[in-house]
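K.L.:
I'm passing along query.txt; it holds compact mmCIF, C-alpha atoms.
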```txt
# COMPACT_ATOMS: atom_id res chain seq x y z
CA MET A 477 15.10 -69.67 -35.05
CA ARG A 478 11.39 -69.52 -34.24
CA PRO A 479 11.59 -65.96 -32.78
CA LEU A 480 13.40 -64.90 -35.97
CA LEU A 481 10.68 -66.41 -38.17
CA ALA A 482 8.00 -64.76 -36.06
CA GLY A 483 9.77 -61.42 -36.41
CA LEU A 484 10.04 -61.82 -40.18
CA LEU A 485 6.33 -62.67 -40.35
CA LEU A 486 5.40 -59.55 -38.39
CA LEU A 487 7.65 -57.44 -40.62
CA SER A 488 6.00 -58.94 -43.70
CA MET A 489 2.55 -58.15 -42.32
CA ALA A 490 3.61 -54.58 -41.58
CA GLN A 491 4.88 -54.20 -45.14
CA VAL A 492 1.55 -55.43 -46.52
CA GLN A 493 -0.24 -52.91 -44.33
CA ALA A 494 2.08 -50.18 -45.63
CA GLN A 495 1.26 -50.95 -49.27
CA ILE A 496 -1.78 -48.71 -49.43
CA ARG A 497 -1.98 -46.74 -52.64
CA ALA A 498 -4.07 -44.66 -54.98
CA VAL A 499 -5.66 -46.59 -57.85
CA ASP A 500 -6.04 -44.64 -61.07
CA PRO A 501 -6.75 -46.28 -64.44
CA ALA A 502 -6.22 -42.96 -66.26
CA PRO A 503 -2.88 -41.55 -67.43
CA VAL A 504 -1.02 -39.55 -64.80
CA SER A 505 -1.48 -36.35 -66.82
CA ASN A 506 -5.25 -36.65 -66.43
CA ALA A 507 -4.91 -36.75 -62.64
CA ALA A 508 -3.22 -33.35 -62.34
CA ASN A 509 -4.82 -31.12 -59.71
CA ARG A 510 -7.38 -33.81 -58.85
CA VAL A 511 -8.72 -33.45 -55.31
CA TYR A 512 -9.56 -37.14 -54.96
CA SER A 513 -8.16 -40.52 -55.97
CA PRO A 514 -10.39 -42.64 -58.24
CA GLY A 515 -9.75 -45.50 -55.84
CA ILE A 516 -7.78 -46.23 -52.68
CA ASP A 517 -6.38 -49.71 -52.13
CA ALA A 518 -6.36 -49.96 -48.33
CA GLY A 519 -5.19 -53.55 -48.10
CA ASP A 520 -8.23 -55.63 -47.19
CA TYR A 521 -10.61 -53.24 -48.96
CA LEU A 522 -10.70 -51.03 -52.04
CA TYR A 523 -12.65 -47.76 -51.82
CA VAL A 524 -13.93 -46.43 -55.16
CA SER A 525 -14.82 -42.75 -55.57
CA GLY A 526 -18.21 -41.76 -56.90
CA GLN A 527 -18.19 -42.45 -60.65
CA GLY A 528 -20.27 -40.47 -63.11
CA PRO A 529 -21.64 -41.53 -66.48
CA ARG A 530 -19.00 -40.09 -68.83
CA ARG A 531 -16.90 -42.31 -71.06
CA PRO A 532 -13.09 -42.04 -70.88
CA ASP A 533 -13.18 -39.74 -73.94
CA GLY A 534 -15.51 -37.32 -72.10
CA SER A 535 -18.65 -38.11 -74.07
CA LEU A 536 -21.96 -38.76 -72.32
CA PRO A 537 -24.29 -41.66 -73.22
CA LEU A 538 -27.74 -40.50 -74.27
CA THR A 539 -30.06 -42.77 -72.27
CA SER A 540 -30.33 -43.20 -68.50
CA GLU A 541 -29.77 -46.94 -68.86
CA ALA A 542 -26.57 -46.38 -70.83
CA GLN A 543 -25.42 -43.79 -68.30
CA VAL A 544 -25.81 -46.23 -65.40
CA ARG A 545 -23.97 -48.87 -67.40
CA GLN A 546 -21.12 -46.46 -68.11
CA ALA A 547 -20.89 -45.40 -64.44
CA LEU A 548 -20.54 -49.08 -63.52
CA GLU A 549 -17.97 -49.54 -66.28
CA ASN A 550 -15.99 -46.71 -64.70
CA VAL A 551 -16.21 -48.49 -61.33
CA LYS A 552 -15.11 -51.70 -63.02
CA SER A 553 -12.08 -50.01 -64.56
CA ILE A 554 -10.85 -48.93 -61.12
CA VAL A 555 -11.60 -52.32 -59.56
CA GLN A 556 -9.68 -54.13 -62.30
CA THR A 557 -6.75 -51.71 -62.04
CA ALA A 558 -6.52 -52.80 -58.39
CA GLY A 559 -6.30 -56.43 -59.53
CA LEU A 560 -9.87 -57.36 -58.57
CA THR A 561 -13.12 -58.18 -60.37
CA MET A 562 -16.69 -57.00 -59.96
CA GLU A 563 -17.31 -60.15 -57.90
CA HIS A 564 -15.15 -58.51 -55.22
CA VAL A 565 -17.55 -55.53 -54.95
CA VAL A 566 -19.52 -55.86 -51.71
CA TYR A 567 -21.28 -52.50 -51.43
CA THR A 568 -22.43 -49.67 -53.69
CA GLN A 569 -24.22 -46.36 -53.26
CA VAL A 570 -26.22 -45.08 -56.23
CA TYR A 571 -27.24 -41.43 -56.52
CA LEU A 572 -29.94 -40.53 -59.04
CA GLU A 573 -31.12 -37.05 -59.95
CA ASP A 574 -34.37 -38.67 -61.08
CA ILE A 575 -35.60 -41.47 -58.80
CA SER A 576 -38.10 -42.52 -61.48
CA LYS A 577 -35.10 -44.03 -63.32
CA TYR A 578 -34.76 -46.61 -60.55
CA ARG A 579 -36.14 -49.47 -62.67
CA GLU A 580 -33.63 -48.89 -65.49
CA MET A 581 -30.81 -48.67 -62.95
CA ASN A 582 -31.92 -51.87 -61.24
CA GLN A 583 -32.00 -53.75 -64.55
CA VAL A 584 -28.44 -52.73 -65.43
CA PHE A 585 -27.25 -53.93 -62.01
CA ALA A 586 -28.93 -57.29 -62.67
CA GLU A 587 -27.07 -57.62 -65.97
CA ILE A 588 -23.65 -56.72 -64.54
CA PHE A 589 -23.83 -58.48 -61.16
CA VAL A 590 -25.12 -61.85 -62.28
CA LYS A 591 -23.69 -64.11 -59.57
CA THR A 592 -23.75 -62.24 -56.24
CA PRO A 593 -25.05 -58.67 -56.40
CA PRO A 594 -23.52 -56.35 -53.79
CA ALA A 595 -25.40 -54.66 -50.97
CA ARG A 596 -26.72 -51.30 -52.17
CA ALA A 597 -28.29 -47.98 -51.20
CA VAL A 598 -30.12 -45.84 -53.77
CA LEU A 599 -30.86 -42.16 -53.19
CA GLY A 600 -32.65 -39.45 -55.10
CA VAL A 601 -30.62 -36.23 -54.90
CA ALA A 602 -30.95 -32.66 -56.17
CA ARG A 603 -27.72 -32.38 -58.11
CA LEU A 604 -24.56 -34.32 -59.01
CA PRO A 605 -21.17 -33.20 -60.35
CA GLU A 606 -21.92 -35.18 -63.53
CA PRO A 607 -25.65 -35.58 -64.20
CA ALA A 608 -27.59 -37.75 -63.83
CA VAL A 609 -26.08 -40.70 -61.92
CA GLN A 610 -23.13 -41.34 -59.61
CA ILE A 611 -22.04 -44.68 -58.16
CA ASN A 612 -19.37 -45.42 -55.56
CA ALA A 613 -18.27 -48.81 -54.29
CA VAL A 614 -16.36 -50.86 -51.74
CA ALA A 615 -14.60 -54.07 -52.81
CA VAL A 616 -13.04 -56.73 -50.59
CA ARG A 617 -9.58 -58.10 -51.44
CA SER A 618 -10.26 -61.71 -50.41
CA LEU A 619 -13.37 -63.65 -51.42
CA ILE A 620 -12.87 -66.09 -48.52
CA ASP A 621 -15.99 -66.04 -46.30
CA LYS A 622 -17.77 -63.63 -48.66
CA ARG A 623 -21.46 -64.48 -48.98
CA ALA A 624 -24.85 -62.88 -49.41
CA VAL A 625 -27.14 -62.77 -46.37
CA TYR A 626 -30.91 -63.21 -46.72
CA PRO A 627 -33.24 -63.11 -43.70
CA PRO A 628 -36.10 -65.65 -43.59
CA GLY A 629 -39.01 -64.72 -45.85
CA TYR A 630 -37.11 -61.89 -47.53
CA LYS A 631 -38.91 -60.63 -50.66
CA SER A 632 -37.57 -58.06 -53.08
CA ASP A 633 -37.23 -57.39 -56.79
CA ASP A 634 -34.00 -55.50 -56.23
CA SER A 635 -30.81 -56.66 -57.93
CA ALA A 636 -29.02 -56.26 -54.61
CA ALA A 637 -28.37 -58.61 -51.72
CA PRO A 638 -29.85 -57.53 -48.35
CA ALA A 639 -26.30 -57.74 -47.02
CA ILE A 640 -22.86 -59.05 -47.92
CA LEU A 641 -20.76 -60.75 -45.25
CA THR A 642 -16.98 -60.69 -45.60
CA HIS A 643 -14.21 -62.12 -43.43
CA ASP A 644 -14.63 -59.34 -40.87
CA ARG A 645 -17.59 -57.11 -41.78
CA LEU A 646 -21.21 -56.98 -42.85
CA PHE A 647 -22.35 -54.44 -45.44
CA LEU A 648 -26.10 -53.84 -45.29
CA SER A 649 -28.31 -52.64 -48.12
CA ALA A 650 -30.68 -49.78 -47.43
CA MET A 651 -33.66 -51.02 -45.44
CA PRO A 652 -36.73 -48.83 -46.14
CA GLY A 653 -39.41 -47.70 -43.73
CA SER A 654 -42.15 -49.78 -45.31
CA ASP A 655 -44.06 -52.90 -44.33
CA PRO A 656 -41.94 -55.83 -45.63
CA SER A 657 -45.04 -58.02 -46.14
CA THR A 658 -46.99 -55.50 -48.24
CA GLY A 659 -44.46 -52.88 -49.33
CA LYS A 660 -46.78 -50.13 -48.10
CA VAL A 661 -45.42 -47.02 -46.40
CA PRO A 662 -47.44 -46.21 -43.24
CA ASP A 663 -48.66 -42.67 -42.66
CA ASP A 664 -47.11 -42.46 -39.20
CA ALA A 665 -43.45 -41.32 -39.22
CA ALA A 666 -42.56 -43.29 -36.08
CA ALA A 667 -43.95 -46.47 -37.66
CA GLN A 668 -41.81 -45.88 -40.75
CA VAL A 669 -38.68 -45.51 -38.61
CA ASP A 670 -39.51 -48.67 -36.68
CA PHE A 671 -40.09 -50.67 -39.86
CA ALA A 672 -36.72 -49.58 -41.23
CA LEU A 673 -34.91 -50.41 -37.98
CA ASP A 674 -36.69 -53.75 -37.63
CA ARG A 675 -35.75 -54.71 -41.18
CA MET A 676 -32.13 -53.79 -40.52
CA LYS A 677 -32.19 -55.83 -37.31
CA SER A 678 -33.55 -58.89 -39.13
CA VAL A 679 -30.70 -58.78 -41.66
CA LEU A 680 -28.13 -58.52 -38.87
CA GLU A 681 -29.67 -61.49 -37.08
CA ALA A 682 -29.60 -63.55 -40.29
CA ALA A 683 -25.84 -62.96 -40.31
CA GLY A 684 -25.55 -64.02 -36.65
CA LEU A 685 -25.07 -60.44 -35.44
CA ASP A 686 -27.13 -57.80 -33.65
CA LEU A 687 -27.30 -54.02 -33.33
CA ARG A 688 -24.30 -53.97 -30.98
CA HIS A 689 -22.07 -54.97 -33.91
CA MET A 690 -22.88 -51.90 -35.97
CA VAL A 691 -20.04 -49.41 -36.50
CA PHE A 692 -21.56 -46.98 -39.01
CA VAL A 693 -25.11 -46.07 -40.04
CA ASN A 694 -26.54 -43.82 -42.73
CA PRO A 695 -30.11 -42.76 -41.98
CA TYR A 696 -31.37 -41.30 -45.27
CA LEU A 697 -34.65 -39.44 -44.91
CA THR A 698 -36.84 -36.97 -46.75
CA SER A 699 -38.38 -33.83 -45.26
CA ASP A 700 -41.50 -35.89 -44.45
CA ILE A 701 -39.69 -37.50 -41.49
CA SER A 702 -39.10 -35.37 -38.41
CA MET A 703 -35.50 -35.55 -37.20
CA ARG A 704 -36.80 -35.47 -33.62
CA VAL A 705 -39.04 -38.51 -34.19
CA MET A 706 -36.29 -40.39 -35.99
CA ASN A 707 -33.79 -39.75 -33.19
CA GLN A 708 -36.26 -40.74 -30.48
CA ARG A 709 -37.05 -44.10 -32.09
CA TYR A 710 -33.41 -44.70 -33.06
CA ALA A 711 -31.99 -44.01 -29.59
CA LEU A 712 -34.21 -46.74 -28.08
CA ARG A 713 -32.27 -49.39 -30.01
CA PHE A 714 -28.72 -48.62 -28.85
CA GLU A 715 -26.63 -48.37 -25.70
CA PHE A 716 -26.29 -44.73 -24.65
CA GLY A 717 -22.83 -43.39 -25.49
CA ASN A 718 -21.88 -46.49 -27.49
CA THR A 719 -23.92 -45.95 -30.62
CA PRO A 720 -22.52 -46.41 -34.15
CA ALA A 721 -20.93 -43.52 -35.99
CA ARG A 722 -23.61 -41.90 -38.13
CA ALA A 723 -24.19 -39.64 -41.12
CA THR A 724 -27.81 -38.51 -41.14
CA ILE A 725 -28.55 -37.15 -44.59
CA GLU A 726 -31.75 -35.53 -45.84
CA VAL A 727 -32.32 -36.46 -49.48
CA SER A 728 -34.76 -35.42 -52.19
CA SER A 729 -36.40 -38.84 -52.64
CA LEU A 730 -36.06 -42.55 -51.96
CA PRO A 731 -37.11 -45.66 -53.94
CA GLY A 732 -40.61 -47.04 -53.59
CA GLY A 733 -42.02 -43.86 -52.12
CA ALA A 734 -40.19 -44.46 -48.82
CA HIS A 735 -39.36 -41.50 -46.61
CA ILE A 736 -36.58 -43.13 -44.60
CA GLU A 737 -34.06 -45.93 -45.06
CA TYR A 738 -31.02 -47.17 -43.16
CA THR A 739 -27.82 -48.59 -44.59
CA ALA A 740 -24.97 -49.71 -42.38
CA VAL A 741 -21.66 -51.47 -41.77
CA ALA A 742 -21.20 -53.94 -38.90
CA VAL A 743 -18.14 -55.74 -37.56
CA ARG A 744 -18.35 -59.51 -37.06
CA ASP A 745 -16.21 -59.69 -33.90
CA LEU A 746 -17.32 -57.39 -31.09
CA LYS A 747 -13.77 -57.43 -29.75
CA GLN A 748 -12.80 -55.52 -32.90
CA ARG A 749 -15.34 -52.76 -32.22
CA ARG A 750 -14.44 -49.65 -30.20
CA ALA A 751 -16.12 -46.26 -30.06
CA VAL A 752 -13.95 -43.12 -30.01
CA ARG A 753 -15.04 -39.85 -28.42
CA PRO A 754 -12.91 -36.76 -27.77
CA LYS A 755 -12.75 -35.93 -24.07
CA ASN A 756 -14.41 -32.55 -24.56
CA MET A 757 -17.49 -34.13 -26.20
CA LEU A 758 -20.44 -35.41 -24.20
CA PRO A 759 -21.80 -38.92 -24.92
CA SER A 760 -24.71 -39.00 -27.34
CA PRO A 761 -27.82 -41.22 -27.45
CA THR A 762 -27.77 -41.22 -31.26
CA ALA A 763 -24.17 -41.23 -32.59
CA SER A 764 -20.57 -41.85 -31.59
CA PRO A 765 -18.05 -39.52 -33.23
CA CYS A 766 -16.08 -42.49 -34.62
CA VAL A 767 -16.08 -46.28 -34.23
CA PHE A 768 -13.29 -48.76 -35.00
CA ALA A 769 -13.92 -51.96 -36.93
CA GLY A 770 -10.54 -53.57 -36.35
CA GLU A 771 -8.02 -51.11 -37.81
CA THR A 772 -10.64 -49.22 -39.85
CA LEU A 773 -12.16 -46.10 -38.31
CA TYR A 774 -15.63 -44.94 -39.41
CA CYS A 775 -16.32 -41.31 -38.50
CA SER A 776 -19.68 -39.57 -38.32
CA ALA A 777 -20.52 -36.74 -40.69
CA LYS A 778 -19.32 -33.43 -39.28
CA SER A 779 -20.23 -29.88 -40.22
CA GLY A 780 -18.90 -26.47 -39.24
CA PHE A 781 -20.76 -26.67 -35.93
CA ILE A 782 -18.67 -25.33 -33.04
CA PRO A 783 -19.23 -27.58 -30.00
CA GLY A 784 -19.46 -26.41 -26.40
CA PRO A 785 -21.37 -23.57 -24.71
CA HIS A 786 -23.26 -21.38 -27.17
CA GLY A 787 -22.39 -23.84 -29.92
CA GLY A 788 -23.57 -23.46 -33.46
CA VAL A 789 -22.55 -22.70 -37.02
CA TYR A 790 -21.26 -19.14 -37.16
CA ALA A 791 -19.35 -19.05 -40.45
CA SER A 792 -21.30 -17.74 -43.42
CA THR A 793 -19.36 -19.37 -46.29
CA THR A 794 -18.69 -22.95 -47.35
CA ALA A 795 -14.90 -22.48 -47.19
CA HIS A 796 -14.96 -21.09 -43.65
CA GLN A 797 -17.37 -23.76 -42.44
CA LEU A 798 -15.17 -26.47 -43.94
CA ARG A 799 -12.18 -25.35 -41.87
CA GLN A 800 -14.20 -25.90 -38.70
CA THR A 801 -15.49 -29.23 -40.06
CA MET A 802 -11.95 -30.47 -40.62
CA ARG A 803 -10.97 -29.25 -37.17
CA ASN A 804 -13.83 -31.32 -35.74
CA GLN A 805 -12.74 -34.39 -37.71
CA LEU A 806 -9.12 -33.88 -36.66
CA ASP A 807 -10.22 -33.95 -33.02
CA ASN A 808 -11.77 -37.37 -33.69
CA LEU A 809 -8.75 -38.68 -35.58
CA GLU A 810 -6.30 -37.52 -32.93
CA GLU A 811 -8.37 -39.15 -30.18
CA ALA A 812 -7.93 -42.38 -32.17
CA GLY A 813 -4.18 -41.74 -32.54
CA MET A 814 -4.54 -41.03 -36.26
CA ASN A 815 -4.28 -38.17 -38.76
CA PHE A 816 -5.61 -37.06 -42.15
CA ASP A 817 -2.94 -39.02 -44.06
CA GLU A 818 -4.69 -42.20 -42.89
CA VAL A 819 -8.05 -41.20 -44.39
CA VAL A 820 -8.96 -43.49 -47.29
CA ALA A 821 -12.45 -42.28 -48.25
CA THR A 822 -14.77 -39.33 -47.66
CA ASN A 823 -18.36 -38.48 -48.44
CA VAL A 824 -18.97 -34.78 -49.07
CA TYR A 825 -22.45 -33.25 -48.85
CA LEU A 826 -22.66 -29.72 -50.23
CA ASP A 827 -25.56 -27.32 -49.84
CA ASP A 828 -24.82 -26.07 -53.36
CA LEU A 829 -22.47 -27.74 -55.85
CA SER A 830 -21.66 -24.30 -57.20
CA ASP A 831 -19.43 -23.98 -54.12
CA MET A 832 -17.36 -27.05 -55.02
CA ARG A 833 -14.32 -25.14 -56.28
CA ALA A 834 -14.14 -23.05 -53.09
CA PHE A 835 -14.65 -26.24 -51.06
CA ASP A 836 -11.88 -28.06 -52.96
CA ASP A 837 -9.37 -25.25 -52.46
CA VAL A 838 -9.65 -25.69 -48.69
CA TYR A 839 -10.20 -29.47 -48.65
CA ALA A 840 -6.98 -30.22 -50.54
CA GLN A 841 -4.89 -28.46 -47.88
CA TYR A 842 -5.59 -31.20 -45.32
CA PHE A 843 -4.05 -34.12 -47.23
CA SER A 844 -0.28 -34.01 -47.69
CA ARG A 845 0.15 -37.15 -49.78
CA VAL A 846 -2.40 -39.28 -51.61
CA MET A 847 -5.91 -37.83 -51.77
CA PRO A 848 -8.66 -40.12 -50.39
CA ALA A 849 -11.38 -41.58 -52.56
CA ARG A 850 -14.37 -39.23 -52.51
CA THR A 851 -18.06 -38.96 -53.33
CA THR A 852 -19.63 -35.51 -53.64
CA ILE A 853 -23.34 -34.72 -53.91
CA GLN A 854 -25.88 -31.97 -53.35
CA GLN A 855 -28.71 -33.91 -51.79
CA ILE A 856 -31.44 -31.24 -51.55
CA ALA A 857 -32.18 -27.70 -52.74
CA PRO A 858 -29.89 -25.00 -51.26
CA ALA A 859 -30.82 -23.42 -47.94
CA GLU A 860 -31.39 -19.71 -47.43
CA ARG A 861 -28.03 -18.34 -46.31
CA LYS A 862 -29.14 -16.04 -43.57
CA PRO A 863 -28.38 -16.16 -39.84
CA ASP A 864 -31.15 -16.93 -37.38
CA LYS A 865 -31.89 -14.90 -34.25
CA GLU A 866 -28.90 -16.51 -32.48
CA ASP A 867 -26.59 -15.66 -35.38
CA HIS A 868 -26.38 -19.31 -36.50
CA TYR A 869 -26.03 -20.09 -40.21
CA PRO A 870 -27.30 -23.24 -41.95
CA ASP A 871 -24.87 -26.10 -42.64
CA LEU A 872 -23.37 -25.52 -46.07
CA GLU A 873 -21.29 -28.71 -46.07
CA GLN A 874 -20.81 -31.98 -44.21
CA VAL A 875 -18.01 -34.53 -44.40
CA SER A 876 -17.92 -38.13 -43.18
CA LEU A 877 -14.78 -40.24 -43.49
CA ILE A 878 -13.14 -43.64 -43.26
CA ALA A 879 -9.54 -44.01 -42.10
CA VAL A 880 -7.23 -47.00 -41.74
CA ARG A 881 -4.77 -47.10 -38.86
CA GLY A 882 -1.13 -47.30 -39.94
CA ARG A 883 -1.86 -46.21 -43.50
CA SER A 884 1.28 -45.23 -45.42
CA SER A 885 0.45 -43.30 -48.59
CA GLN A 886 2.37 -44.07 -51.75
```
Could the structure of this file be written out as structure tokens, please?
P.N.:
Amino acid sequence: MRPLLAGLLLLSMAQVQAQIRAVDPAPVSNAANRVYSPGIDAGDYLYVSGQGPRRPDGSLPLTSEAQVRQALENVKSIVQTAGLTMEHVVYTQVYLEDISKYREMNQVFAEIFVKTPPARAVLGVARLPEPAVQINAVAVRSLIDKRAVYPPGYKSDDSAAPAILTHDRLFLSAMPGSDPSTGKVPDDAAAQVDFALDRMKSVLEAAGLDLRHMVFVNPYLTSDISMRVMNQRYALRFEFGNTPARATIEVSSLPGGAHIEYTAVAVRDLKQRRAVRPKNMLPSPTASPCVFAGETLYCSAKSGFIPGPHGGVYASTTAHQLRQTMRNQLDNLEEAGMNFDEVVATNVYLDDLSDMRAFDDVYAQYFSRVMPARTTIQQIAPAERKPDKEDHYPDLEQVSLIAVRGRSSQ
């Protein structure tokens, strides 16, 4: 009898895992030809696509404060459609076309998240699909073990927790490259990187974790920070070849005059963490292609870069580069024993949002069932689209993704 009960329990668990679905509060007719799902219910977590400031009737609020409030209302609509509340939201990313609107944004967050504000990253970007704000979110299904994490002596006026701990993960707010005691940004780029990494480390330690537990990191930096300096300082903190997955994104501006900040996800149990690297890819001191947190796979941002001898970006258009990008991500997924139908969320970084239609035409071909949740931004001004002396073109797009093993789309 006991083996039968155990078998039924395993079958029940498998059925729960299979019940992963798109979440859409709008009528089905409004979703026609959409290249993303407003939300993806992936079992333990809900992934909410980037939400703009338009009301359901298509109108746009007039003030920046009202626009932020409406974007959060749009997030709330998806969260509630999934059977959750805003208290279940554990992480948000806020994209502002005007970073000077940070104070108004922060005040709206304080009004909406009264009890336990989620972890948060705020970025100033060049352009959004719907000006002038976009907000995405992650919500946890169970509130058991959910709590805010505050390191000793933490001081901030932000309406965001430094981190939110759930039953299996830690979601970290963006930690800026400024002196935590004074708020000042040092002139030296290496010092800014170290401050940001130290602040991230202190939050992890307050949760009883360390840098080894990290599965995904977003370094957000402006052009004032050298990528070489950032990578040198960053690589000193991690085990070579076993670093977190990473999406390093240059942005137009950051809050408080910072030039670099780090936001991250960590897994509580190190036994649940495993890095994935295709066999034809050399280990890296700065990023693993993908890292598992239990059954969830976090994959680094990929571009149309062709790896191997004489590697580089050779395609001259966004659509052609995207095909190579998706090939690179498929290599990662297949190494993990997964495929594109298990992808639940993507972040898309376009050199120019004017290319979004051409991007979407190719992007949609890779998902045969339910489209993942998605956030799309143009983070800086477009690059000059000319080849260099080695016939390499600039990156015109990047895609990072999250996948859940065993996902069955409905």
K.L.:
Under the rule that all atoms listed in the file are counted, which of A:Val669, A:Met847, A:Leu758, A:Val609 is the nearest residue to Asp574 (chain A)?
P.N.:
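Checking each candidate against Asp574 (chain A), we get A:Val609 as the closest.
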K.L.:
For Asp817 (chain A), find every residue with an atom within 10 Å (counting all atoms listed in the file), except residues of its own chain fewer than 3 positions away, and show them as a list in words.
P.N.:
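Near Asp817 (chain A), the qualifying residues are Met814, Val820, Tyr842, Phe843, Ser844, Arg845, Val846, Met847, Pro848, Ala879, Val880, Arg881, Gly882, Arg883, Ser884 and Ser885 of chain A.
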K.L.:
Take the residues that were just selected and, keeping C-alpha atoms, output them as a compact mmCIF listing (two decimals), keeping the file's coordinate frame.
P.N.:
```txt
# COMPACT_ATOMS: atom_id res chain seq x y z
CA MET A 814 -4.54 -41.03 -36.26
CA VAL A 820 -8.96 -43.49 -47.29
CA TYR A 842 -5.59 -31.20 -45.32
CA PHE A 843 -4.05 -34.12 -47.23
CA SER A 844 -0.28 -34.01 -47.69
CA ARG A 845 0.15 -37.15 -49.78
CA VAL A 846 -2.40 -39.28 -51.61
CA MET A 847 -5.91 -37.83 -51.77
CA PRO A 848 -8.66 -40.12 -50.39
CA ALA A 879 -9.54 -44.01 -42.10
CA VAL A 880 -7.23 -47.00 -41.74
CA ARG A 881 -4.77 -47.10 -38.86
CA GLY A 882 -1.13 -47.30 -39.94
CA ARG A 883 -1.86 -46.21 -43.50
CA SER A 884 1.28 -45.23 -45.42
CA SER A 885 0.45 -43.30 -48.59
```
K.L.:
With all atoms listed in the file as the counted atoms, please give the residues lying no more than 12 Å from Tyr839 (chain A), apart from itself and same-chain residues fewer than 6 positions off, as a tab-separated table (two decimals) with C-alpha atoms, keeping the file's coordinate frame.
P.N.:
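The file below, out.tsv, is the result:
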```tsv
chain	number	residue	atom	x	y	z
A	510	ARG	CA	-7.38	-33.81	-58.85
A	511	VAL	CA	-8.72	-33.45	-55.31
A	512	TYR	CA	-9.56	-37.14	-54.96
A	794	THR	CA	-18.69	-22.95	-47.35
A	795	ALA	CA	-14.90	-22.48	-47.19
A	796	HIS	CA	-14.96	-21.09	-43.65
A	797	GLN	CA	-17.37	-23.76	-42.44
A	798	LEU	CA	-15.17	-26.47	-43.94
A	799	ARG	CA	-12.18	-25.35	-41.87
A	800	GLN	CA	-14.20	-25.90	-38.70
A	801	THR	CA	-15.49	-29.23	-40.06
A	802	MET	CA	-11.95	-30.47	-40.62
A	803	ARG	CA	-10.97	-29.25	-37.17
A	816	PHE	CA	-5.61	-37.06	-42.15
A	822	THR	CA	-14.77	-39.33	-47.66
A	824	VAL	CA	-18.97	-34.78	-49.07
A	832	MET	CA	-17.36	-27.05	-55.02
A	833	ARG	CA	-14.32	-25.14	-56.28
A	847	MET	CA	-5.91	-37.83	-51.77
A	848	PRO	CA	-8.66	-40.12	-50.39
A	850	ARG	CA	-14.37	-39.23	-52.51
A	873	GLU	CA	-21.29	-28.71	-46.07
A	874	GLN	CA	-20.81	-31.98	-44.21
A	875	VAL	CA	-18.01	-34.53	-44.40
```
K.L.:
Rank A:Glu549, A:Glu715, A:Glu726, A:Asp520 by their smallest atom-to-atom distance to Ser618 (chain A), using all atoms listed in the file, and report the top residue only.
P.N.:
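Between A:Glu549, A:Glu715, A:Glu726, A:Asp520, the residue approaching Ser618 (chain A) most closely is A:Asp520.
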K.L.:
Distance CA of Cys766 (chain A)-CA of Val566 (chain A), one decimal place?
P.N.:
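So the answer is 22.0 Å.
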K.L.:
Have a look at CA of Val499 (chain A) and CA of Asp837 (chain A) and let me know their distance in Å, one decimal.
P.N.:
22.3 Å
K.L.:
Quote the spacing between CA of Val679 (chain A) and CA of Val743 (chain A) in Å to one decimal place.
P.N.:
13.6 Å
K.L.:
Can you list, as an MDAnalysis selection string, every protein, DNA or RNA residue that comes within 12 Å of Pro607 (chain A) when you count all atoms listed in the file, leaving out same-chain residues fewer than 3 positions away?
P.N.:
chainID A and resid 527:530 536:540 543:544 547 571:574 601:604 610:611 829 853:854
K.L.:
Deliver the residues from the most recent selection as a file, using C-alpha atoms, as a tab-separated table (two decimals), in the frame of the given file.
P.N.:
```
chain	number	residue	atom	x	y	z
A	527	GLN	CA	-18.19	-42.45	-60.65
A	528	GLY	CA	-20.27	-40.47	-63.11
A	529	PRO	CA	-21.64	-41.53	-66.48
A	530	ARG	CA	-19.00	-40.09	-68.83
A	536	LEU	CA	-21.96	-38.76	-72.32
A	537	PRO	CA	-24.29	-41.66	-73.22
A	538	LEU	CA	-27.74	-40.50	-74.27
A	539	THR	CA	-30.06	-42.77	-72.27
A	540	SER	CA	-30.33	-43.20	-68.50
A	543	GLN	CA	-25.42	-43.79	-68.30
A	544	VAL	CA	-25.81	-46.23	-65.40
A	547	ALA	CA	-20.89	-45.40	-64.44
A	571	TYR	CA	-27.24	-41.43	-56.52
A	572	LEU	CA	-29.94	-40.53	-59.04
A	573	GLU	CA	-31.12	-37.05	-59.95
A	574	ASP	CA	-34.37	-38.67	-61.08
A	601	VAL	CA	-30.62	-36.23	-54.90
A	602	ALA	CA	-30.95	-32.66	-56.17
A	603	ARG	CA	-27.72	-32.38	-58.11
A	604	LEU	CA	-24.56	-34.32	-59.01
A	610	GLN	CA	-23.13	-41.34	-59.61
A	611	ILE	CA	-22.04	-44.68	-58.16
A	829	LEU	CA	-22.47	-27.74	-55.85
A	853	ILE	CA	-23.34	-34.72	-53.91
A	854	GLN	CA	-25.88	-31.97	-53.35
```
K.L.:
Rank nothing, just name the residue among A:Ala834, A:Gln708, A:Pro863, A:Met690 nearest to Arg645 (chain A), using all atoms listed in the file.
P.N.:
A:Met690
K.L.:
Which of these residues is nearest to Pro765 (chain A), using only C-alpha atoms: A:Ala615, A:Val727, A:Val555, A:Ala812?
P.N.:
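Once distances to Pro765 (chain A) are computed over only C-alpha atoms, the minimum belongs to A:Ala812.
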K.L.:
Identify which of the residues A:Gln855, A:Ser513, A:Ser654, A:Ser525 lies closest to Ala666 (chain A), counting all atoms listed in the file when measuring atom-to-atom distances.
P.N.:
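Using all atoms listed in the file, the shortest distance to Ala666 (chain A) belongs to A:Ser654.
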K.L.:
For Gly732 (chain A), find every residue with an atom within 9 Å (counting all atoms listed in the file), except residues of its own chain fewer than 5 positions away, and show them as a PyMOL selection string.
P.N.:
chain A and resi 652+654+659-661
